[in-house]
Amino acid sequence: MRQPSKNLGGLKLKNLIIATLVGAAAAVSAFASVPATAAEKPTVALSNAFLGNAWRRSMITAFEEAAIKAEADGLIASFQVSNAPGENSATEQIAQLKALLLDEPDILLVNPASPTALNPTLQQACDQGIVVVVFDSSTELECVHIVTNSFGDWARLSTQAVIDGIGGKGNVIIARGVQGSPPEIEMYDVQTALLYDNPDVKVVGEFFTFCDSAKAQEALLGTIASLPEIDGVIGCGEGLGAVQAFQTAGRDIPVVAFAPSGRALKFWGEGNGAPGSVAVMSDPGQGVAALFTGINIHNGQEVPRITIFPPVVVSDEERDQWIAVVGDDEIASWQWTQELVDAQLKANIDGTVADAALPPVPVR
């Protein structure tokens, strides 16, 4: 789905832990946004394909909080959010988009149901002179800007954390995502490449778990008796279910990659999950990053067509700070500001994404 033009490459979990807001502030000085005058303040519309999971709900909550503040700060004139009915239906979202275009917003942000089906409608928006920013997905439409996380980086960060957590040797299981999907293929390629570089880590089983805790628990419970001692589970956020399966079977708990949901983080914080575990997922704050990116474009800034923003990474050291700010039914998200987005955009322009400072742990 995503089309990352650059990878975070050498980004290590250690770098993420020590990244500070100081680095971001330093980068901003050369890429400061231009405040809009009263007459130039843009109107903003967000089109969301569906609202049926915690990630989408967290995305909308983060966006609305940021948009309210942006309006109060005079960065935008107004905003509206439209969540399409149904379950990720491109047809429903196209109808929604056509209704939004009648309002002629200056900036249109889109979390699309399809990377292709919406293109004629998005082209119509471009033809109307609207700044269009797609996030959490991709499109071949040249008039559209894209803000995205990299699935490859998600896989790299979570896999390396598990490898480091087991001391670079031991038995692991790979819990794979949605079978045959482009994101799963991209993530698996990164996972296997890292494992190739760590020959003392042995893969003793692979399961398709769809990055879902319940499915991971079911798959593991069905086979765990036949497995040797497992030191780590390399996956895409199904750590809670994996740990529960090992607990049910009376086995030692492995190092895992959790999803950074409030529920999973609390479960982890209660002593479930071996030391060295991590939580990694694409960032629901992408909608906020897209908002400030769209404002920059509207204000005449030169912005790459595709910009890469980092996934959310929660380490052992920062876990309790995140628990304090993430509700049980929320997914952790970076708290993007105009200044932090400017710094990330500059890093994309300069080719220094791998060294870009990450946002601090949010404060609420």
# chains A, B, ... in the order shown; residues from 1 in each chain; ligands from 1
>>> residues_around(residues="Gln335 (chain A)", least_positions_apart="3", cutoff="12 Å", atoms="only C-alpha atoms", output="PyMOL selection string")
chain A and resi 21+58-59+61-63+65-66+283-289+312+322+325-326+332+338-341+358-364
>>> select_by_dssp(residues="region 164-353 of chain A", states="strand (DSSP E)", output="PyMOL selection string")
chain A and resi 170-176+201-208+232-237+255-258+278-281+306-308+312-314
>>> residues_around(residues="Leu221 (chain A)", least_positions_apart="6", cutoff="8 Å", atoms="only C-alpha atoms", output="list of chain:residue names")
A:Ala245, A:Phe246, A:Ala249
>>> select_by_dssp(residues="region 126-274 of chain A", states="alpha helix (DSSP H)", output="count of residues only")
61
>>> residues_around(residues="Ile76 (chain A)", least_positions_apart="6", cutoff="9 Å", atoms="only C-alpha atoms", output="list of chain:residue names")
A:Ala36, A:Glu40, A:Lys41, A:Pro42, A:Thr43, A:Val44, A:Ala67, A:Ala70, A:Ile295
>>> closest_residue(among="A:Asn149, A:Ser78, A:Gln124, A:Ser89", to="Gly52 (chain A)", atoms="only C-alpha atoms")
A:Ser89
>>> atom_distance(atom1="CA of Thr223 (chain A)", atom2="CA of Val278 (chain A)")
24.1 Å
>>> residues_around(residues="Leu141 (chain A)", least_positions_apart="2", cutoff="8 Å", atoms="only C-alpha atoms", output="list in words")
Asn119, Gln123, Thr139, Cys143 and Val144 of chain A
>>> write_last_selection(atoms="N, CA, C and O atoms", output="PDB file, in the first residue's frame")
ATOM      1  N   ASN A 119      -8.812   7.589  -7.375  1.00  0.00           N
ATOM      2  CA  ASN A 119      -7.999   8.507  -8.178  1.00  0.00           C
ATOM      3  C   ASN A 119      -8.803   9.494  -9.028  1.00  0.00           C
ATOM      4  O   ASN A 119      -8.462  10.688  -9.066  1.00  0.00           O
ATOM      5  N   GLN A 123      -8.326  13.406  -8.502  1.00  0.00           N
ATOM      6  CA  GLN A 123      -7.896  14.248  -9.615  1.00  0.00           C
ATOM      7  C   GLN A 123      -8.841  15.435  -9.768  1.00  0.00           C
ATOM      8  O   GLN A 123      -8.397  16.559 -10.053  1.00  0.00           O
ATOM      9  N   THR A 139      -0.749   6.437  -3.636  1.00  0.00           N
ATOM     10  CA  THR A 139      -1.456   6.585  -4.905  1.00  0.00           C
ATOM     11  C   THR A 139      -0.437   6.968  -5.971  1.00  0.00           C
ATOM     12  O   THR A 139       0.580   7.587  -5.664  1.00  0.00           O
ATOM     13  N   CYS A 143      -0.518  14.511  -8.778  1.00  0.00           N
ATOM     14  CA  CYS A 143      -0.885  15.790  -8.167  1.00  0.00           C
ATOM     15  C   CYS A 143      -1.103  15.671  -6.662  1.00  0.00           C
ATOM     16  O   CYS A 143      -1.335  16.681  -5.982  1.00  0.00           O
ATOM     17  N   VAL A 144      -1.017  14.463  -6.132  1.00  0.00           N
ATOM     18  CA  VAL A 144      -1.300  14.203  -4.724  1.00  0.00           C
ATOM     19  C   VAL A 144       0.000  14.013  -3.949  1.00  0.00           C
ATOM     20  O   VAL A 144       0.913  13.334  -4.412  1.00  0.00           O
TER      21      VAL A 144
END
>>> closest_residue(among="A:Ala343, A:Asn299, A:Gly327, A:Trp336", to="Arg57 (chain A)", atoms="only C-alpha atoms")
A:Gly327
>>> closest_atom_pairs(of="region 230-324 of chain A", to="region 196-202 of chain A", cutoff="12 Å", atoms="only C-alpha atoms", output="JSON lines")
{"residue": "A:Ile230", "atom": "CA", "partner": "A:Lys202", "partner_atom": "CA", "distance": 9.7}
{"residue": "A:Asp231", "atom": "CA", "partner": "A:Val201", "partner_atom": "CA", "distance": 9.4}
{"residue": "A:Gly232", "atom": "CA", "partner": "A:Val201", "partner_atom": "CA", "distance": 9.4}
{"residue": "A:Val233", "atom": "CA", "partner": "A:Lys202", "partner_atom": "CA", "distance": 11.3}
{"residue": "A:Ile234", "atom": "CA", "partner": "A:Val201", "partner_atom": "CA", "distance": 11.1}
>>> residues_around(residues="Glu229 (chain A)", least_positions_apart="4", cutoff="9 Å", atoms="only C-alpha atoms", output="PyMOL selection string")
chain A and resi 170-172+251-252
>>> residues_around(residues="region 267-271 of chain A", least_positions_apart="5", cutoff="8 Å", atoms="only C-alpha atoms", output="list in words")
Leu240, Arg319 and Asp320 of chain A
>>> decode(residues="region 350-363 of chain A", atoms="all heavy atoms", output="PDB file, in the first residue's frame")
ATOM      1  N   ASP A 350      16.568  16.631   2.980  1.00  0.00           N
ATOM      2  CA  ASP A 350      18.020  16.534   3.099  1.00  0.00           C
ATOM      3  C   ASP A 350      18.537  15.103   2.995  1.00  0.00           C
ATOM      4  O   ASP A 350      19.752  14.885   2.962  1.00  0.00           O
ATOM      5  CB  ASP A 350      18.486  17.128   4.431  1.00  0.00           C
ATOM      6  CG  ASP A 350      18.242  18.628   4.523  1.00  0.00           C
ATOM      7  OD1 ASP A 350      17.988  19.247   3.469  1.00  0.00           O
ATOM      8  OD2 ASP A 350      18.298  19.175   5.646  1.00  0.00           O
ATOM      9  N   GLY A 351      17.641  14.125   2.983  1.00  0.00           N
ATOM     10  CA  GLY A 351      18.075  12.733   2.958  1.00  0.00           C
ATOM     11  C   GLY A 351      18.646  12.267   4.285  1.00  0.00           C
ATOM     12  O   GLY A 351      19.507  11.372   4.314  1.00  0.00           O
ATOM     13  N   THR A 352      18.177  12.861   5.388  1.00  0.00           N
ATOM     14  CA  THR A 352      18.714  12.522   6.712  1.00  0.00           C
ATOM     15  C   THR A 352      17.634  11.930   7.610  1.00  0.00           C
ATOM     16  O   THR A 352      17.678  12.092   8.836  1.00  0.00           O
ATOM     17  CB  THR A 352      19.316  13.770   7.381  1.00  0.00           C
ATOM     18  OG1 THR A 352      18.295  14.794   7.480  1.00  0.00           O
ATOM     19  CG2 THR A 352      20.485  14.308   6.580  1.00  0.00           C
ATOM     20  N   VAL A 353      16.666  11.242   7.022  1.00  0.00           N
ATOM     21  CA  VAL A 353      15.575  10.664   7.809  1.00  0.00           C
ATOM     22  C   VAL A 353      16.107   9.731   8.885  1.00  0.00           C
ATOM     23  O   VAL A 353      15.585   9.680  10.012  1.00  0.00           O
ATOM     24  CB  VAL A 353      14.589   9.926   6.884  1.00  0.00           C
ATOM     25  CG1 VAL A 353      13.588   9.107   7.683  1.00  0.00           C
ATOM     26  CG2 VAL A 353      13.846  10.924   6.006  1.00  0.00           C
ATOM     27  N   ALA A 354      17.156   8.978   8.558  1.00  0.00           N
ATOM     28  CA  ALA A 354      17.697   8.017   9.525  1.00  0.00           C
ATOM     29  C   ALA A 354      18.211   8.687  10.788  1.00  0.00           C
ATOM     30  O   ALA A 354      18.266   8.061  11.848  1.00  0.00           O
ATOM     31  CB  ALA A 354      18.816   7.204   8.878  1.00  0.00           C
ATOM     32  N   ASP A 355      18.599   9.949  10.698  1.00  0.00           N
ATOM     33  CA  ASP A 355      19.161  10.654  11.851  1.00  0.00           C
ATOM     34  C   ASP A 355      18.185  11.641  12.473  1.00  0.00           C
ATOM     35  O   ASP A 355      18.540  12.342  13.435  1.00  0.00           O
ATOM     36  CB  ASP A 355      20.427  11.414  11.421  1.00  0.00           C
ATOM     37  CG  ASP A 355      21.473  10.479  10.826  1.00  0.00           C
ATOM     38  OD1 ASP A 355      21.691   9.412  11.423  1.00  0.00           O
ATOM     39  OD2 ASP A 355      22.050  10.812   9.777  1.00  0.00           O
ATOM     40  N   ALA A 356      16.969  11.711  11.942  1.00  0.00           N
ATOM     41  CA  ALA A 356      16.020  12.713  12.424  1.00  0.00           C
ATOM     42  C   ALA A 356      15.556  12.383  13.837  1.00  0.00           C
ATOM     43  O   ALA A 356      15.250  11.234  14.162  1.00  0.00           O
ATOM     44  CB  ALA A 356      14.814  12.794  11.483  1.00  0.00           C
ATOM     45  N   ALA A 357      15.502  13.399  14.685  1.00  0.00           N
ATOM     46  CA  ALA A 357      15.004  13.205  16.040  1.00  0.00           C
ATOM     47  C   ALA A 357      13.506  12.922  16.008  1.00  0.00           C
ATOM     48  O   ALA A 357      12.773  13.490  15.210  1.00  0.00           O
ATOM     49  CB  ALA A 357      15.287  14.448  16.885  1.00  0.00           C
ATOM     50  N   LEU A 358      13.075  12.038  16.886  1.00  0.00           N
ATOM     51  CA  LEU A 358      11.664  11.705  16.975  1.00  0.00           C
ATOM     52  C   LEU A 358      10.957  12.629  17.958  1.00  0.00           C
ATOM     53  O   LEU A 358      11.594  13.254  18.804  1.00  0.00           O
ATOM     54  CB  LEU A 358      11.507  10.256  17.440  1.00  0.00           C
ATOM     55  CG  LEU A 358      12.054   9.211  16.483  1.00  0.00           C
ATOM     56  CD1 LEU A 358      11.884   7.824  17.088  1.00  0.00           C
ATOM     57  CD2 LEU A 358      11.344   9.289  15.142  1.00  0.00           C
ATOM     58  N   PRO A 359       9.651  12.697  17.863  1.00  0.00           N
ATOM     59  CA  PRO A 359       8.914  13.476  18.869  1.00  0.00           C
ATOM     60  C   PRO A 359       9.115  12.879  20.249  1.00  0.00           C
ATOM     61  O   PRO A 359       9.430  11.696  20.397  1.00  0.00           O
ATOM     62  CB  PRO A 359       7.454  13.328  18.420  1.00  0.00           C
ATOM     63  CG  PRO A 359       7.522  12.935  16.987  1.00  0.00           C
ATOM     64  CD  PRO A 359       8.762  12.129  16.835  1.00  0.00           C
ATOM     65  N   PRO A 360       8.919  13.687  21.279  1.00  0.00           N
ATOM     66  CA  PRO A 360       8.978  13.143  22.638  1.00  0.00           C
ATOM     67  C   PRO A 360       7.737  12.319  22.937  1.00  0.00           C
ATOM     68  O   PRO A 360       6.749  12.390  22.204  1.00  0.00           O
ATOM     69  CB  PRO A 360       9.030  14.414  23.498  1.00  0.00           C
ATOM     70  CG  PRO A 360       8.287  15.425  22.693  1.00  0.00           C
ATOM     71  CD  PRO A 360       8.605  15.125  21.260  1.00  0.00           C
ATOM     72  N   VAL A 361       7.772  11.557  24.017  1.00  0.00           N
ATOM     73  CA  VAL A 361       6.567  10.865  24.478  1.00  0.00           C
ATOM     74  C   VAL A 361       5.497  11.907  24.743  1.00  0.00           C
ATOM     75  O   VAL A 361       5.770  12.924  25.379  1.00  0.00           O
ATOM     76  CB  VAL A 361       6.863  10.045  25.753  1.00  0.00           C
ATOM     77  CG1 VAL A 361       5.584   9.381  26.264  1.00  0.00           C
ATOM     78  CG2 VAL A 361       7.939   8.998  25.476  1.00  0.00           C
ATOM     79  N   PRO A 362       4.280  11.712  24.256  1.00  0.00           N
ATOM     80  CA  PRO A 362       3.235  12.726  24.437  1.00  0.00           C
ATOM     81  C   PRO A 362       2.950  13.003  25.921  1.00  0.00           C
ATOM     82  O   PRO A 362       3.167  12.157  26.792  1.00  0.00           O
ATOM     83  CB  PRO A 362       2.014  12.092  23.767  1.00  0.00           C
ATOM     84  CG  PRO A 362       2.571  11.101  22.810  1.00  0.00           C
ATOM     85  CD  PRO A 362       3.812  10.590  23.443  1.00  0.00           C
ATOM     86  N   VAL A 363       2.441  14.207  26.159  1.00  0.00           N
ATOM     87  CA  VAL A 363       2.028  14.598  27.497  1.00  0.00           C
ATOM     88  C   VAL A 363       0.581  15.044  27.407  1.00  0.00           C
ATOM     89  O   VAL A 363       0.237  15.880  26.561  1.00  0.00           O
ATOM     90  CB  VAL A 363       2.913  15.741  28.040  1.00  0.00           C
ATOM     91  CG1 VAL A 363       2.392  16.197  29.400  1.00  0.00           C
ATOM     92  CG2 VAL A 363       4.358  15.303  28.140  1.00  0.00           C
TER      93      VAL A 363
END
